[in-house]
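Trainee: Mind looking over this structure? Questions follow.
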Amino acid sequence: MTPSRSPAHRRARDIGLDVRAPKAWCEDAHCPFHGRLSLRGQVIEGTVVSTSMQHSAVVERTLLHFVPKFERYEKRRRRYLAHAPPCLNVPVGHRVRIAETRPLSKLVSFCIVEDLGEAAFQVESEEQPVAPPTATAPAKEEAA
């Protein structure tokens with residue numbers, strides 16, 4: 001009989017991708033490292049735009065598409081809803097790598113597998129509304 005290991009001594013599962021396993025431990029069933037979620041299909045990089053949902057994040061990917069008629073590029077974007085395991089703890093504005101999984105809900109079919117660090121450009125977050133500038137006019141002194 002093998003001795004039981006505490007959660008701190010357990011190793012993360014090999015998910016089949018060349019990514020580092022997180023140092024933190026989680027009990028999430030939908031975590032590819034510590035749960036039973038298998039990965040398959042596409043592996044995509046994008047920027048986290050919102051994390052306001054429970055255990056989910058919105059990852060946005062922008063690309064340039066060439067329009068031959070005008071000989072110019074147009075900017076296109078695609079937003080993916082991805083499961084965010086608690087062991088990764090990814091904040092808004094970071095670049096992440098997401099991998100395709102089985103459908104976890106109606107719209108979530110991807111899972112975040114790696115945090116690539118802060119993005120080169122600042123993302124305008126949906127969670128943190130920008131306060132309008134204060135309209136304080138300087139007091140005018142009237143000379144008599």
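Scheme for the structure tokens: letters A, B, ... for chains in order shown; per-chain residue numbers from 1; ligand numbers from 1 in order shown.
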Using only C-alpha atoms, which protein or nucleic acid residues come within 12 Å of region 24-34 of chain A? Drop anything in the same chain fewer than 5 positions from it, and give the result as a tab-separated table (two decimals) with C-alpha atoms, in the first residue's frame.
Mentor:
chain	number	residue	atom	x	y	z
A	6	SER	CA	-0.73	15.57	0.97
A	7	PRO	CA	-1.85	18.09	-1.72
A	8	ALA	CA	1.37	20.07	-1.26
A	9	HIS	CA	3.47	17.09	-2.37
A	10	ARG	CA	1.38	16.12	-5.39
A	11	ARG	CA	2.74	16.96	-8.80
A	12	ALA	CA	0.78	18.63	-11.55
A	13	ARG	CA	-0.43	16.43	-14.38
A	14	ASP	CA	1.31	16.52	-17.78
A	15	ILE	CA	-1.19	18.17	-20.13
A	16	GLY	CA	0.68	17.39	-23.35
A	17	LEU	CA	1.69	20.98	-24.13
A	19	VAL	CA	3.92	24.89	-20.76
A	39	LEU	CA	-7.09	19.42	-23.92
A	40	ARG	CA	-7.28	19.00	-27.69
A	55	HIS	CA	-13.76	30.99	-12.95
A	56	SER	CA	-13.91	32.42	-16.49
A	82	ALA	CA	-12.09	30.68	-21.48
A	83	HIS	CA	-12.08	28.86	-18.16
A	84	ALA	CA	-9.60	30.45	-15.73
A	85	PRO	CA	-8.29	27.91	-13.19
A	86	PRO	CA	-7.77	29.41	-9.72
A	87	CYS	CA	-4.17	28.13	-9.56
A	88	LEU	CA	-3.12	30.50	-12.40
A	89	ASN	CA	-4.78	33.68	-11.00
A	98	ILE	CA	-5.47	29.18	-24.16
A	99	ALA	CA	-6.14	25.64	-25.37
A	100	GLU	CA	-9.31	24.10	-26.74
A	101	THR	CA	-11.25	21.63	-24.57
A	102	ARG	CA	-14.59	19.95	-24.63
A	103	PRO	CA	-17.49	22.40	-24.16
A	104	LEU	CA	-17.63	23.41	-20.48
A	105	SER	CA	-20.75	25.54	-20.94
A	108	VAL	CA	-16.83	28.25	-22.92
A	109	SER	CA	-14.73	25.76	-24.92
A	110	PHE	CA	-11.23	26.99	-24.06
A	111	CYS	CA	-9.09	26.91	-20.93
A	112	ILE	CA	-6.20	29.16	-19.91
A	113	VAL	CA	-3.04	27.08	-19.64
A	114	GLU	CA	-0.23	29.64	-19.33
Trainee: What lies within 7 Å of Thr62 (chain A) using only C-alpha atoms, ignoring chain neighbours under 2 positions off, as a PyMOL selection string?
Mentor: chain A and resi 60+75-78
Trainee: Pick from A:Arg72, A:Arg79, A:Arg61, A:His94: nearest to Glu45 (chain A), with only C-alpha atoms counted?
Mentor: A:Arg61
Trainee: One decimal, Å: what's the distance from CA of Ala120 (chain A) over to CA of Glu71 (chain A), could you say?
Mentor: 27.3 Å
Trainee: Could you state the separation of CA of Gly93 (chain A) and CA of Glu118 (chain A) in Å, given to one decimal place?
Mentor: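 These two atoms are separated by 6.1 Å.
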Trainee: To one decimal place in Å, what is the distance between CA of Val90 (chain A) and CA of Asp115 (chain A)?
Mentor: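 Rounded to one decimal, the two atoms are 6.7 Å apart.
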